[in-house]
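Student: Handing you this structure, nothing more for now.
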Protein chains: 2
Amino acid sequence: MANCQPVPLNKVKISDLFWSKYVELVRNTVIPYQWEALNDRVPDAEPSHAVTNLRIAAGLEEGEFRGFVFQDSDVAKWIEAVGYSLQSHPDSELEAAVDSIIDIIEKAQQPDGYLNTHFTIKQPDKRWTNLHECHELYVAGHMIEAAVAYHEATGKKKLLDIMCRFADYIDTVFGPEPEKIHGYDGHQEIELALVKLYRATGNERYLKLSKYFIDERGKEPNFFNIEWEKRGRYSFWTNTVSKKPDLKYCQAHKPVREQKSAVGHAVRAVYMYAGMADIAAETGDNELMDACRVLWDNIVSKQMYITGGIGSTHHGEAFTFDYDLPNDTIYAETCASIGLIFFANRMLNIEQKSIYADVMERALYNNVLGAMSLDGKRFFYVNPLEVWPEASEKNPGRFHVKPVRQKWFACACCPPNVARLLTSLNNYIYSKNNNTVYIHLYISGEAEIELENGKLILNQCSRYPWDGNVKIGVVLESISPVSIALRIPSWCRKWSVYVNGEEVNPELVNGYAFVKRVWRENDEIELKMDMPAEFIWSNPNVRANAGKVAIQRGPIVYCIEEADNGRNLSAIEIDTTSGLTIETDKAVLGEGVIIKGKGLRTIDDGWQNDLYKPCEISKKEVEIKAVPYFVWGNREPGEMTVWIRSLN
Amino acid sequence: MANCQPVPLNKVKISDLFWSKYVELVRNTVIPYQWEALNDRVPDAEPSHAVTNLRIAAGLEEGEFRGFVFQDSDVAKWIEAVGYSLQSHPDSELEAAVDSIIDIIEKAQQPDGYLNTHFTIKQPDKRWTNLHECHELYVAGHMIEAAVAYHEATGKKKLLDIMCRFADYIDTVFGPEPEKIHGYDGHQEIELALVKLYRATGNERYLKLSKYFIDERGKEPNFFNIEWEKRGRYSFWTNTVSKKPDLKYCQAHKPVREQKSAVGHAVRAVYMYAGMADIAAETGDNELMDACRVLWDNIVSKQMYITGGIGSTHHGEAFTFDYDLPNDTIYAETCASIGLIFFANRMLNIEQKSIYADVMERALYNNVLGAMSLDGKRFFYVNPLEVWPEASEKNPGRFHVKPVRQKWFACACCPPNVARLLTSLNNYIYSKNNNTVYIHLYISGEAEIELENGKLILNQCSRYPWDGNVKIGVVLESISPVSIALRIPSWCRKWSVYVNGEEVNPELVNGYAFVKRVWRENDEIELKMDMPAEFIWSNPNVRANAGKVAIQRGPIVYCIEEADNGRNLSAIEIDTTSGLTIETDKAVLGEGVIIKGKGLRTIDDGWQNDLYKPCEISKKEVEIKAVPYFVWGNREPGEMTVWIRSLN
């Protein structure tokens, strides 16, 4: 397998029954809303202070720094999202808004290239003294990603230049040379950002610096321990003397190549793994690639929820251990699933195996999409698989699990992350190498793809994820053959491929069906995937799901809600032998598929004040109605569960 | 119903196959061990500092106060336990140890009667400034209980006099008069202690003061809020400015008579309810008694584990809400179940309904007994119903659930509480009024009970809890009739009573079978209770137990352990239609009954690296072996669960 390249964002147009509305929601609602939020103009929401901080650092305003130490990153993620959005939809007003903020960023940059409003305004003498806790390089990383995206969208270089100056300065501060700091950030992000900057500029200095951060991490003696001693063991967050750094929390407990299990803060972990994959791709470092494979395997075969959520505990927003996947005290942060998509996407560009795209799809259609309300105005940070609203309110161990999406968060990492993912969704559909195009996601629209043998135009059309039939119009401006590799999703066990109506028997390699030929005007591929509604079981080692099943159809994981099934969902058992029926539902979904099944419900008549009794319980037959997980919590707050007790 | 009186401790001798060994364990192992611990002489255990603190406060030693602000209470609970123990087993050496510590306590008492080593040594100017957090009256309460118990055992008045002086002083500090503090303690305990002091001395001042604390609690404007403002919102525990007191945590959110649900810290709650019942009993206050009934009902029909554990969350060691009884993130503190027994015992003395004794028995034989290791040297603080040792180690939300009993605790409330309960176990077996004796617990031994019609001697003999046949020899020194009321436990649905071999048909009132007659030399009652091993279901509103059953036989709740059933207990389903068999087991229990059932185990062959799959799981038949809950964790650490998935 050869490395793949992504297809440039502006060469892929999405016009998809399912996704277009979400992409437009982000463009028309989320991005403008976030701009208002960054400027503290949203009534009844906590102010962000992010733009004000930049204006103060730029000398345009007097005042104190406010917000989190990493507040600048919200501006960065917003610019990045706008950068992607502008590539598909030019918008001069929006571009003017970004230019105006870039002008402020330029003024906020210090003469030596440093850029960070917290340290510039509040603690100018404390720069680089607490990498472990203060996210300086993390913020820089997000600003670099923004600069690259905005440059790609507009060709304007100002922010890119600002960030090159900052990166050049960072390179004078960190590195193996004795006079430099032999350190790295507490929150990984700079690593993958520097690779983007390298790709945008061709300047190898950035690639080398990224590799340095990756390789230095977790070496002994440990940088975070040394730094902690140096700053008098002081903690930025508690403002007192603190315990020794928890090195696992930020994946610095051992060198990254020796890490075999995903541990610690889930977002940091997957951002780092994505950076590792980037370095492996750029340098051909097989040892590093092997480390990525091991960590990937550990996540997807031991520590991932069926929704593509990761992070089993809110303590440290972290991974716990193999098969520990509690549904009710879960974390499954939105950003972590987005990071998992980043990781998957990079792995896929290195080796074209459908498992990467399968997980990407799983996280995208379930955990990530479910984080946003159907109107695009509210977000989940934590994405539970089981909710009992009274417990969220009254059991402190479940306070973090909210039964309704929140407007904005004091720590507003998730909504901008959703925005930048959905505005760049066109990036995840295809990749290419030599004369092969891989189709990873079935999202309708047109793509222009340059191959060695010429330009290929693909026109995908489907009702995916509600229907498994995908038609792909193919035009190739060449008389030489090229391959189109269609991902056969892991959920699909019966499929067939037709070219111009005639069945072909494509070779299946690593989960991709390769259709190779000389394509002519009006050629059409049709991929027919059986998409039955199915019961899914968990590996028996997942204690939390013992005796339970989930319902999945295509990439969509379903859940049952109180609104459809009454209160106390734990009283329901589903009959896995009696089959599931599908229905198109307008009420919940607008357009989409809901699933019905049969089962029993335990009756609580006769229990009154009894808490424990020897007599067996009575049950009645019920119809069970399941809705896609991603729409849960869009009606009255109520109970929800993905895993349903199985009658059989 | 008339109030009952307990039968004096020294009139009830326990010689019971089941309990004697535990009582002796406490006498021969726990009490001496605790004395060593209090004196900081246990190797490898955290020092208690408790005796040293007293010596410093007494001027016998130089040094700093160390340990918790309530450290004195450990000494108090130990003296109380010794007091009970001496009533059954005089021991001059032990008595000399107590006398020596009482001499120190006397010297530590301040001229005005005040006694508390923390405030005397460390913060003499801060007395009574932070009732909410600093447990001053709580510690006083425990010392009063100790004084009463030791006085009853030995007739020695020194400690009783010390505590009367302290209580008299407290009465000058707290009360409705304008110059006094209109407050009460953050941790209830003084309330029930003052009633004991009243009963021991006849001084109504103590009863009145107790009632004052009960009635004042939760009134508006709230004392804890006022106090918090007065001390500059300072928190003793965090040493900084703190949030407003959480009034529910210490049951001060509304007047006690208006409280309808058990909320907040479970130990504080049940200690308070016990005190409320005491006041209701002594004053005939029906409104207060009604409040007790409502709170009792809420606990036992909505918030109690099948083991008699209470407290569903470790956050605040607290109750959460109705039917929220998670088995894995549970708290169920040992002290809370002991407090529940105190509450039950007091309710039972007011109204003789078997529900109170049923709960007392449930908590005693399961949660409380299980807290102690079989060798009496290690204790649980938290008593889970489901344990996965790897989760206890690696999932922070379950760190508080220990898979093995601990030697001693930095906060050592539980072991001394177990000791004082088991040394006074003879107090809980009988109570009496006029010419009726109630038998609440089936524990073998002899009791001498003074009734209006003369002295009754009862001689209980059984293999309870392993066997439901109880023989009671009866001797009455009178020719007038008296009633013996035998509790028919709620777990028993088939029973019969014989007098001298002939079946009688006693009247069943409130769960007690009344056998009334003129008793003659060599009369014998035999109570035959069917004691089948049974499956128990939970109220369907308990989400955590949906689809699961527990096993109970007599008062003993069973559990399954990894040692007998292999790892991953969640993979096991028990067949509730195929019956349970009982066996006497020597290996685990010495002498006792284990239970075997049939079921299926999910096989994880064929899953390898898969986490989710549509194919149905395969199962194999297995024999399931259950052991009494109270013996869990006495072998290799491993998984344990009380609630088992039901196959049917």
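Each chain of the structure tokens is named A, B, ... in the order shown, its residues numbered from 1; ligands are numbered from 1 in display order.
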Pick out the chain B residues within 8 Å of chain A. Count only C-alpha atoms. Give them as a PDB file with C-alpha atoms, in the first residue's frame.

Tutor:
ATOM      1  CA  VAL B 300     -36.688   0.792  53.662  1.00  0.00           C
ATOM      2  CA  SER B 301     -39.074   0.922  50.724  1.00  0.00           C
ATOM      3  CA  LYS B 302     -37.070   3.149  48.382  1.00  0.00           C
ATOM      4  CA  ILE B 306     -30.936  -5.819  49.991  1.00  0.00           C
ATOM      5  CA  THR B 313     -23.135   7.588  46.438  1.00  0.00           C
ATOM      6  CA  HIS B 315     -20.061  11.898  47.065  1.00  0.00           C
ATOM      7  CA  THR B 320     -29.453  10.070  46.468  1.00  0.00           C
ATOM      8  CA  PHE B 321     -33.109   9.484  45.574  1.00  0.00           C
ATOM      9  CA  ASP B 324     -31.389   4.822  42.801  1.00  0.00           C
ATOM     10  CA  ALA B 391     -12.378  -1.214  37.973  1.00  0.00           C
ATOM     11  CA  LYS B 394      -8.443   1.808  37.285  1.00  0.00           C
ATOM     12  CA  ASN B 395     -11.796   3.594  37.102  1.00  0.00           C
ATOM     13  CA  PRO B 396     -11.672   6.614  39.431  1.00  0.00           C
ATOM     14  CA  GLY B 397     -15.455   6.589  39.874  1.00  0.00           C
ATOM     15  CA  GLU B 534     -35.064 -18.348  47.348  1.00  0.00           C
ATOM     16  CA  PHE B 535     -34.693 -16.021  44.446  1.00  0.00           C
ATOM     17  CA  ILE B 536     -35.481 -12.435  45.272  1.00  0.00           C
ATOM     18  CA  TRP B 537     -36.551  -9.817  42.736  1.00  0.00           C
ATOM     19  CA  SER B 538     -36.245  -6.066  43.043  1.00  0.00           C
ATOM     20  CA  ASN B 539     -38.959  -3.512  42.644  1.00  0.00           C
ATOM     21  CA  PRO B 540     -38.927  -2.836  38.866  1.00  0.00           C
ATOM     22  CA  ASN B 541     -38.160   0.815  39.517  1.00  0.00           C
ATOM     23  CA  ARG B 543     -32.972   0.297  37.322  1.00  0.00           C
ATOM     24  CA  ALA B 546     -33.535  -4.959  36.176  1.00  0.00           C
ATOM     25  CA  GLY B 547     -33.441  -8.511  34.869  1.00  0.00           C
ATOM     26  CA  ASN B 568     -16.497 -12.243  34.530  1.00  0.00           C
ATOM     27  CA  SER B 570     -21.641 -10.723  34.319  1.00  0.00           C
ATOM     28  CA  ALA B 571     -21.445 -13.573  31.808  1.00  0.00           C
ATOM     29  CA  THR B 602     -21.748 -16.672  27.830  1.00  0.00           C
ATOM     30  CA  ILE B 603     -18.680 -17.952  26.048  1.00  0.00           C
ATOM     31  CA  ASP B 604     -16.225 -15.457  24.678  1.00  0.00           C
ATOM     32  CA  TRP B 607     -14.888 -12.885  19.843  1.00  0.00           C
ATOM     33  CA  ASN B 609     -10.667  -8.685  18.869  1.00  0.00           C
ATOM     34  CA  ASP B 610     -14.322  -7.972  18.120  1.00  0.00           C
ATOM     35  CA  LEU B 611     -16.066  -5.546  20.396  1.00  0.00           C
ATOM     36  CA  TYR B 612     -19.511  -5.500  18.739  1.00  0.00           C
ATOM     37  CA  LYS B 613     -21.048  -8.137  16.492  1.00  0.00           C
ATOM     38  CA  PRO B 614     -24.452  -8.960  15.051  1.00  0.00           C
ATOM     39  CA  CYS B 615     -24.231 -12.707  15.614  1.00  0.00           C
ATOM     40  CA  GLU B 616     -25.871 -14.016  18.702  1.00  0.00           C
ATOM     41  CA  ILE B 617     -23.683 -15.077  21.594  1.00  0.00           C
ATOM     42  CA  ARG B 645     -28.695 -11.953  35.713  1.00  0.00           C
TER      43      ARG B 645
END

Student: Skipping near chain neighbours, those fewer than 5 positions away, what residues fall within 6 Å of Trp495 of chain A using only C-alpha atoms, listed as an MDAnalysis selection string?

Tutor: chainID A and resid 528:530

Student: For the residues in that selection, give me N, CA, C and O atoms as a tab-separated table (two decimals), in the first residue's frame.

Tutor:
chain	number	residue	atom	x	y	z
A	528	LYS	N	-24.87	-1.90	-4.28
A	528	LYS	CA	-26.09	-2.22	-3.54
A	528	LYS	C	-25.70	-2.93	-2.24
A	528	LYS	O	-25.15	-4.03	-2.27
A	529	MET	N	-25.94	-2.25	-1.13
A	529	MET	CA	-25.59	-2.84	0.16
A	529	MET	C	-26.86	-3.18	0.92
A	529	MET	O	-27.73	-2.32	1.11
A	530	ASP	N	-26.95	-4.42	1.34
A	530	ASP	CA	-28.06	-4.83	2.21
A	530	ASP	C	-27.95	-4.08	3.52
A	530	ASP	O	-26.87	-4.07	4.13

Student: Which residues in segment 542-596 of chain A does DSSP call helix (DSSP H, G or I)? List them as a PyMOL selection string.

Tutor: chain A and resi 543-545+562-565+569-571

Student: Atom CA of Ala252 of chain B to atom CA of Asp215 of chain B: how many Å, to one decimal?

Tutor: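 Separation of atom CA of Ala252 of chain B and atom CA of Asp215 of chain B: 10.7 Å.
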
Student: Identify which of the residues A:Phe342, A:Tyr234, A:Phe70, A:Tyr184 lies closest to Lys211 of chain A, counting only C-alpha atoms when measuring atom-to-atom distances.

Tutor: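 The closest residue to Lys211 of chain A is A:Tyr184.
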
Student: Quick one: residues within 9 Å of segment 502-510 of chain B, only C-alpha atoms counted, chain neighbours fewer than 6 positions away excluded, as a CSV table (one decimal) with all heavy atoms, in the first residue's frame?

Tutor:
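Output contents, as saved in result.csv:
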chain,number,residue,atom,x,y,z
B,352,GLN,N,-44.2,-2.2,68.3
B,352,GLN,CA,-43.7,-3.6,68.1
B,352,GLN,C,-44.2,-4.1,66.8
B,352,GLN,O,-45.1,-4.9,66.7
B,352,GLN,CB,-44.0,-4.5,69.3
B,352,GLN,CG,-43.3,-4.1,70.6
B,352,GLN,CD,-43.9,-2.8,71.2
B,352,GLN,OE1,-45.1,-2.7,71.4
B,352,GLN,NE2,-43.1,-1.8,71.5
B,353,LYS,N,-43.5,-3.7,65.7
B,353,LYS,CA,-43.8,-4.2,64.4
B,353,LYS,C,-42.6,-4.9,63.8
B,353,LYS,O,-41.5,-4.3,63.9
B,353,LYS,CB,-44.3,-3.0,63.5
B,353,LYS,CG,-45.5,-2.3,63.9
B,353,LYS,CD,-45.9,-1.2,63.0
B,353,LYS,CE,-47.2,-0.6,63.4
B,353,LYS,NZ,-47.6,0.5,62.5
B,354,SER,N,-42.8,-6.0,63.2
B,354,SER,CA,-41.7,-6.8,62.8
B,354,SER,C,-40.8,-6.2,61.7
B,354,SER,O,-39.7,-6.5,61.6
B,354,SER,CB,-42.1,-8.2,62.4
B,354,SER,OG,-42.9,-8.2,61.3
B,355,ILE,N,-41.4,-5.3,61.0
B,355,ILE,CA,-40.6,-4.6,59.9
B,355,ILE,C,-39.3,-4.0,60.5
B,355,ILE,O,-38.3,-4.1,59.8
B,355,ILE,CB,-41.5,-3.6,59.1
B,355,ILE,CG1,-40.6,-2.8,58.1
B,355,ILE,CG2,-42.2,-2.6,60.1
B,355,ILE,CD1,-40.1,-3.6,57.0
B,485,ALA,N,-43.8,-13.1,72.6
B,485,ALA,CA,-44.1,-12.7,71.2
B,485,ALA,C,-42.9,-13.0,70.3
B,485,ALA,O,-41.8,-12.5,70.5
B,485,ALA,CB,-44.4,-11.2,71.2
B,487,ARG,N,-41.0,-13.1,66.9
B,487,ARG,CA,-41.1,-12.5,65.5
B,487,ARG,C,-41.1,-13.5,64.4
B,487,ARG,O,-40.3,-14.5,64.4
B,487,ARG,CB,-39.8,-11.6,65.3
B,487,ARG,CG,-39.9,-10.9,63.9
B,487,ARG,CD,-38.7,-9.9,63.8
B,487,ARG,NE,-37.4,-10.6,63.7
B,487,ARG,CZ,-36.8,-10.9,62.6
B,487,ARG,NH1,-37.3,-10.6,61.4
B,487,ARG,NH2,-35.6,-11.5,62.7
B,488,ILE,N,-42.1,-13.4,63.5
B,488,ILE,CA,-42.1,-14.2,62.3
B,488,ILE,C,-41.4,-13.3,61.2
B,488,ILE,O,-42.0,-12.4,60.7
B,488,ILE,CB,-43.5,-14.6,61.9
B,488,ILE,CG1,-44.2,-15.2,63.1
B,488,ILE,CG2,-43.5,-15.5,60.7
B,488,ILE,CD1,-43.6,-16.5,63.7
B,496,SER,N,-44.6,-22.7,62.2
B,496,SER,CA,-45.6,-23.2,63.2
B,496,SER,C,-44.9,-23.1,64.5
B,496,SER,O,-43.7,-23.1,64.7
B,496,SER,CB,-45.9,-24.7,62.8
B,496,SER,OG,-44.7,-25.4,62.5
B,516,LYS,N,-49.4,-16.9,74.8
B,516,LYS,CA,-49.7,-16.4,76.2
B,516,LYS,C,-50.1,-17.6,77.0
B,516,LYS,O,-51.0,-18.3,76.7
B,516,LYS,CB,-50.8,-15.4,76.1
B,516,LYS,CG,-51.1,-14.7,77.5
B,516,LYS,CD,-52.2,-13.6,77.3
B,516,LYS,CE,-52.5,-13.0,78.7
B,516,LYS,NZ,-53.5,-12.0,78.5
B,526,GLU,N,-41.3,-24.3,70.7
B,526,GLU,CA,-40.5,-24.6,69.5
B,526,GLU,C,-41.1,-23.8,68.3
B,526,GLU,O,-42.3,-23.9,68.1
B,526,GLU,CB,-40.4,-26.1,69.2
B,526,GLU,CG,-39.4,-26.3,68.1
B,526,GLU,CD,-39.1,-27.8,68.0
B,526,GLU,OE1,-39.8,-28.7,68.6
B,526,GLU,OE2,-38.2,-28.2,67.1

Student: Excluding Ile330 of chain B and its own-chain neighbours fewer than 2 positions away, which residues fall within 8 Å of it when counting only C-alpha atoms? Please give them as a list of chain:residue names.

Tutor: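 Near neighbours after the sequence-gap exclusion: B:Gly311, B:Ser312, B:Thr313, B:His314, B:Leu325, B:Pro326, B:Asn327, B:Asp328, B:Ala332, B:Val382, B:Asn383, B:Pro384, B:Leu385, B:Val401.
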
Student: How many Å separate atom CA of Glu361 of chain B from atom CA of Lys598 of chain B?

Tutor: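 So the two atoms, atom CA of Glu361 of chain B and atom CA of Lys598 of chain B, lie 28.5 Å apart.
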